[in-house]
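**Student:** Take this structure, written in structure tokens, and hold onto it; I'll ask about it next.
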Amino acid sequence: SVSAESIRPSDDPNDRTIHPKSEEVRKRINVATTLNLLFKYLDRETKEQVIDAMFEKTVQKNEIIITQGEEGDNFYVIEHGIFEIFVDDKLVLVVADGGSFGELALMYNNPRAATVKAKTDGILWAVSRDDFRRTITNAMNRQRKTYENFIKSVSFLSSLNKSEITKLAEALEPFNYEGGDTIITQGEPGEYFYIIEQGCVNVCKVEDNGIEQQLPNLGPGNYFGELALLNDQPRKATVVARGPVRVAALKRDAFVRLLGSVMDIFRRNAQGYNMNTESSSYSTQYDKSYSP
Ligand code: 1OR
């Protein structure tokens, strides 16, 4: 399905590698990468470039794909198969379909941090070091810079220092929603904290007595989803996109690790949630309730 010949136009200023592929193969790769974290940062065009640059590698059970300590050559996305990751001969992680490995050595110019071994036969899509850096590393750096500027513009994050901003920018993940999409469902467990980059969300809470209470809408620079992580409790409200919404999201462990200095603000603002929405002393975040 993949031509052995690769075209590398040297007069192209972008000097892109293209391993030609059928539409069917591109679709398979698209499926394999939809949930992959590294691909979240890519706009459609860059993602197409990564897929262009990929070449297929079939592997056999027990094959060693990466050896700890060696220099990094490729990054791999798993279309199919189970792979075991060992650090100092200790099994640390098992990855399978849609997962990936081998990015660290390419991103940071380090020796391979782990050994990766096929537990089953499998199919991998490989991207060479040069192509990886040109596409994925570049996109991640761009995204990080965009996030750094965004963080500096968000008032509840104004206490963060430079190194905290850098770490937060590395940990934030972009998610996009369409109008009507439910971002958070009341009663479910929470794994993410959200800051709105673009758009507006509706927050709605069903009280114990069954009465639905509309909370003020939230917009750019506002946050939600902190309570479940702060208090280790189910989601206390449902949050729905009112139109196209883009959020910067932070996983639970990163939230705890990176926003420690902001917890007081969260706690203080959370006291406002318990008051009636009509109350004049409603929380700081809602002082300027967002209405587009
Ligand atoms: P790499 O280029 O260093 C080995 O080649 C790959 O294994 C590495 O990139 C990651 O993609 C992947 N520690 C190091 N490498 C890991 C780890 C890992 N997990 C996956 N890889 N740890 C496991 C974290 C759950 C830390 C163990 C102390």
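Labels used: A, B, ... for chains in the order of the structure tokens, numbers from 1 for residues in each chain, and numbers from 1 for ligands as shown.
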I'd like the contact shell of range 107-117 of chain A - 8 Å cut-off, only C-alpha atoms, skipping same-chain residues fewer than 5 positions apart - returned as a PyMOL selection string.

**Tutor:** chain A and resi 62-72+83-89+102+133+137

**Student:** Given the selection you just returned, output its residues as a file containing N, CA and C atoms, formatted as a PDB file, in the first residue's frame.

**Tutor:**
ATOM      1  N   ASN A  62       8.064  -9.742  19.839  1.00  0.00           N
ATOM      2  CA  ASN A  62       9.379  -9.766  20.513  1.00  0.00           C
ATOM      3  C   ASN A  62      10.451  -8.893  19.859  1.00  0.00           C
ATOM      4  N   GLU A  63      10.094  -8.210  18.782  1.00  0.00           N
ATOM      5  CA  GLU A  63      11.081  -7.328  18.132  1.00  0.00           C
ATOM      6  C   GLU A  63      11.342  -6.103  19.024  1.00  0.00           C
ATOM      7  N   ILE A  64      12.618  -5.702  19.105  1.00  0.00           N
ATOM      8  CA  ILE A  64      12.973  -4.480  19.842  1.00  0.00           C
ATOM      9  C   ILE A  64      12.922  -3.319  18.851  1.00  0.00           C
ATOM     10  N   ILE A  65      12.085  -2.343  19.112  1.00  0.00           N
ATOM     11  CA  ILE A  65      11.939  -1.211  18.194  1.00  0.00           C
ATOM     12  C   ILE A  65      12.908  -0.107  18.578  1.00  0.00           C
ATOM     13  N   ILE A  66      13.035   0.107  19.897  1.00  0.00           N
ATOM     14  CA  ILE A  66      13.884   1.179  20.408  1.00  0.00           C
ATOM     15  C   ILE A  66      14.710   0.603  21.553  1.00  0.00           C
ATOM     16  N   THR A  67      15.991   0.979  21.605  1.00  0.00           N
ATOM     17  CA  THR A  67      16.857   0.524  22.687  1.00  0.00           C
ATOM     18  C   THR A  67      17.283   1.713  23.543  1.00  0.00           C
ATOM     19  N   GLN A  68      17.039   1.596  24.834  1.00  0.00           N
ATOM     20  CA  GLN A  68      17.419   2.670  25.769  1.00  0.00           C
ATOM     21  C   GLN A  68      18.883   3.023  25.592  1.00  0.00           C
ATOM     22  N   GLY A  69      19.185   4.332  25.586  1.00  0.00           N
ATOM     23  CA  GLY A  69      20.570   4.784  25.505  1.00  0.00           C
ATOM     24  C   GLY A  69      21.053   5.058  24.097  1.00  0.00           C
ATOM     25  N   GLU A  70      20.351   4.506  23.093  1.00  0.00           N
ATOM     26  CA  GLU A  70      20.783   4.756  21.710  1.00  0.00           C
ATOM     27  C   GLU A  70      20.296   6.120  21.227  1.00  0.00           C
ATOM     28  N   GLU A  71      20.824   6.529  20.075  1.00  0.00           N
ATOM     29  CA  GLU A  71      20.393   7.786  19.484  1.00  0.00           C
ATOM     30  C   GLU A  71      19.015   7.589  18.855  1.00  0.00           C
ATOM     31  N   GLY A  72      18.208   8.646  18.829  1.00  0.00           N
ATOM     32  CA  GLY A  72      16.856   8.512  18.287  1.00  0.00           C
ATOM     33  C   GLY A  72      16.811   8.679  16.777  1.00  0.00           C
ATOM     34  N   PHE A  83       2.753  -2.870  22.715  1.00  0.00           N
ATOM     35  CA  PHE A  83       4.177  -2.604  22.883  1.00  0.00           C
ATOM     36  C   PHE A  83       4.494  -2.345  24.354  1.00  0.00           C
ATOM     37  N   GLU A  84       5.590  -2.963  24.813  1.00  0.00           N
ATOM     38  CA  GLU A  84       5.996  -2.802  26.206  1.00  0.00           C
ATOM     39  C   GLU A  84       7.176  -1.852  26.294  1.00  0.00           C
ATOM     40  N   ILE A  85       7.117  -0.950  27.289  1.00  0.00           N
ATOM     41  CA  ILE A  85       8.177   0.038  27.461  1.00  0.00           C
ATOM     42  C   ILE A  85       8.923  -0.254  28.756  1.00  0.00           C
ATOM     43  N   PHE A  86      10.230  -0.394  28.638  1.00  0.00           N
ATOM     44  CA  PHE A  86      11.078  -0.743  29.788  1.00  0.00           C
ATOM     45  C   PHE A  86      12.075   0.372  30.067  1.00  0.00           C
ATOM     46  N   VAL A  87      12.190   0.770  31.329  1.00  0.00           N
ATOM     47  CA  VAL A  87      13.259   1.670  31.735  1.00  0.00           C
ATOM     48  C   VAL A  87      14.147   0.877  32.683  1.00  0.00           C
ATOM     49  N   ASP A  88      15.430   0.800  32.375  1.00  0.00           N
ATOM     50  CA  ASP A  88      16.377  -0.005  33.161  1.00  0.00           C
ATOM     51  C   ASP A  88      15.840  -1.425  33.385  1.00  0.00           C
ATOM     52  N   ASP A  89      15.334  -2.032  32.319  1.00  0.00           N
ATOM     53  CA  ASP A  89      14.816  -3.407  32.321  1.00  0.00           C
ATOM     54  C   ASP A  89      13.542  -3.599  33.157  1.00  0.00           C
ATOM     55  N   GLY A 102       8.666   7.213  21.296  1.00  0.00           N
ATOM     56  CA  GLY A 102       9.890   7.605  20.601  1.00  0.00           C
ATOM     57  C   GLY A 102      10.013   9.088  20.339  1.00  0.00           C
ATOM     58  N   ARG A 133      10.763  16.891  13.770  1.00  0.00           N
ATOM     59  CA  ARG A 133      11.112  18.212  14.305  1.00  0.00           C
ATOM     60  C   ARG A 133      10.488  19.325  13.474  1.00  0.00           C
ATOM     61  N   THR A 137       7.411  19.000  16.522  1.00  0.00           N
ATOM     62  CA  THR A 137       8.116  19.841  17.498  1.00  0.00           C
ATOM     63  C   THR A 137       7.826  21.313  17.244  1.00  0.00           C
TER      64      THR A 137
END

**Student:** For Met54 in chain A, work out the shell of residues within 10 Å, counting only C-alpha atoms and skipping chain neighbours fewer than 4 positions away, then give it as a ChimeraX atom specification.

**Tutor:** /A:2,17-21,26,29,48-50,74-77,124-128,131-132

**Student:** Find, counting only C-alpha atoms, the residue in A:Leu259, A:Asn36, A:Lys236, A:Lys57 that gets nearest to Ile165 in chain A.

**Tutor:**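 Smallest distance to Ile165 in chain A is found for A:Leu259.
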
**Student:** Between CA of Ala228 in chain A and CA of Ser159 in chain A, what is the distance in Å, rounded to a tenth?

**Tutor:**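 Computing it gives 22.6 Å between the two atoms.
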
**Student:** As an MDAnalysis selection string, please: the residues near range 38-45 of chain A (cut-off 9 Å, only C-alpha atoms, same-chain neighbours under 6 positions excluded).

**Tutor:** chainID A and resid 100 103 135:136 139:140 143 173:175

**Student:** Could you check which of A:His80, A:Gln214, A:Val154, A:Leu93 is closest to ligand 1, using only C-alpha atoms and all ligand atoms?

**Tutor:**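 Counting only C-alpha atoms and all ligand atoms, the residue closest to ligand 1 is A:Leu93.
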
**Student:** A:Asp264, A:Glu207, A:Asp232, A:Glu170: which is nearest Pro189 in chain A, counting only C-alpha atoms?

**Tutor:**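 Answer, going by the shortest atom-to-atom distance: A:Asp232.
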
**Student:** With only C-alpha atoms as the counted atoms, please give the residues lying no more than 10 Å from Ser261 in chain A, apart from itself and same-chain residues fewer than 5 positions off, as a PyMOL selection string.

**Tutor:** chain A and resi 157+159-160+164+256+266

**Student:** Write to file, as a CSV table (one decimal), in the first residue's frame, the residues of the selection just made, with C-alpha atoms.

**Tutor:**
chain,number,residue,atom,x,y,z
A,157,LEU,CA,-3.2,33.5,36.6
A,159,SER,CA,0.4,35.6,40.2
A,160,LEU,CA,2.4,33.0,38.2
A,164,GLU,CA,5.4,28.6,36.2
A,256,VAL,CA,-2.5,20.1,41.3
A,266,PHE,CA,-10.2,29.1,43.3

**Student:** Which residues in range 37-127 of chain A does DSSP call alpha helix (DSSP H)? List them as a VMD selection string.

**Tutor:** chain A and resid 37 to 40 44 to 53 103 to 108

**Student:** Residues at most 12 Å from Leu258 in chain A, counting only C-alpha atoms, excluding those fewer than 6 positions away in the same chain, as a list in words?

**Tutor:**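 Listed by chain and then number, they are Leu157, Leu160, Asn161, Ser163, Glu164, Ile165, Thr166, Lys167, Leu168, Ala169, Glu170, Ala171, Leu172, Phe193, Leu250, Lys251 and Arg252 of chain A.
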
**Student:** For Val25 in chain A, which residue among A:Val59, A:Ile123, A:Leu227, A:Val201 is the nearest when counting only C-alpha atoms?

**Tutor:** A:Ile123
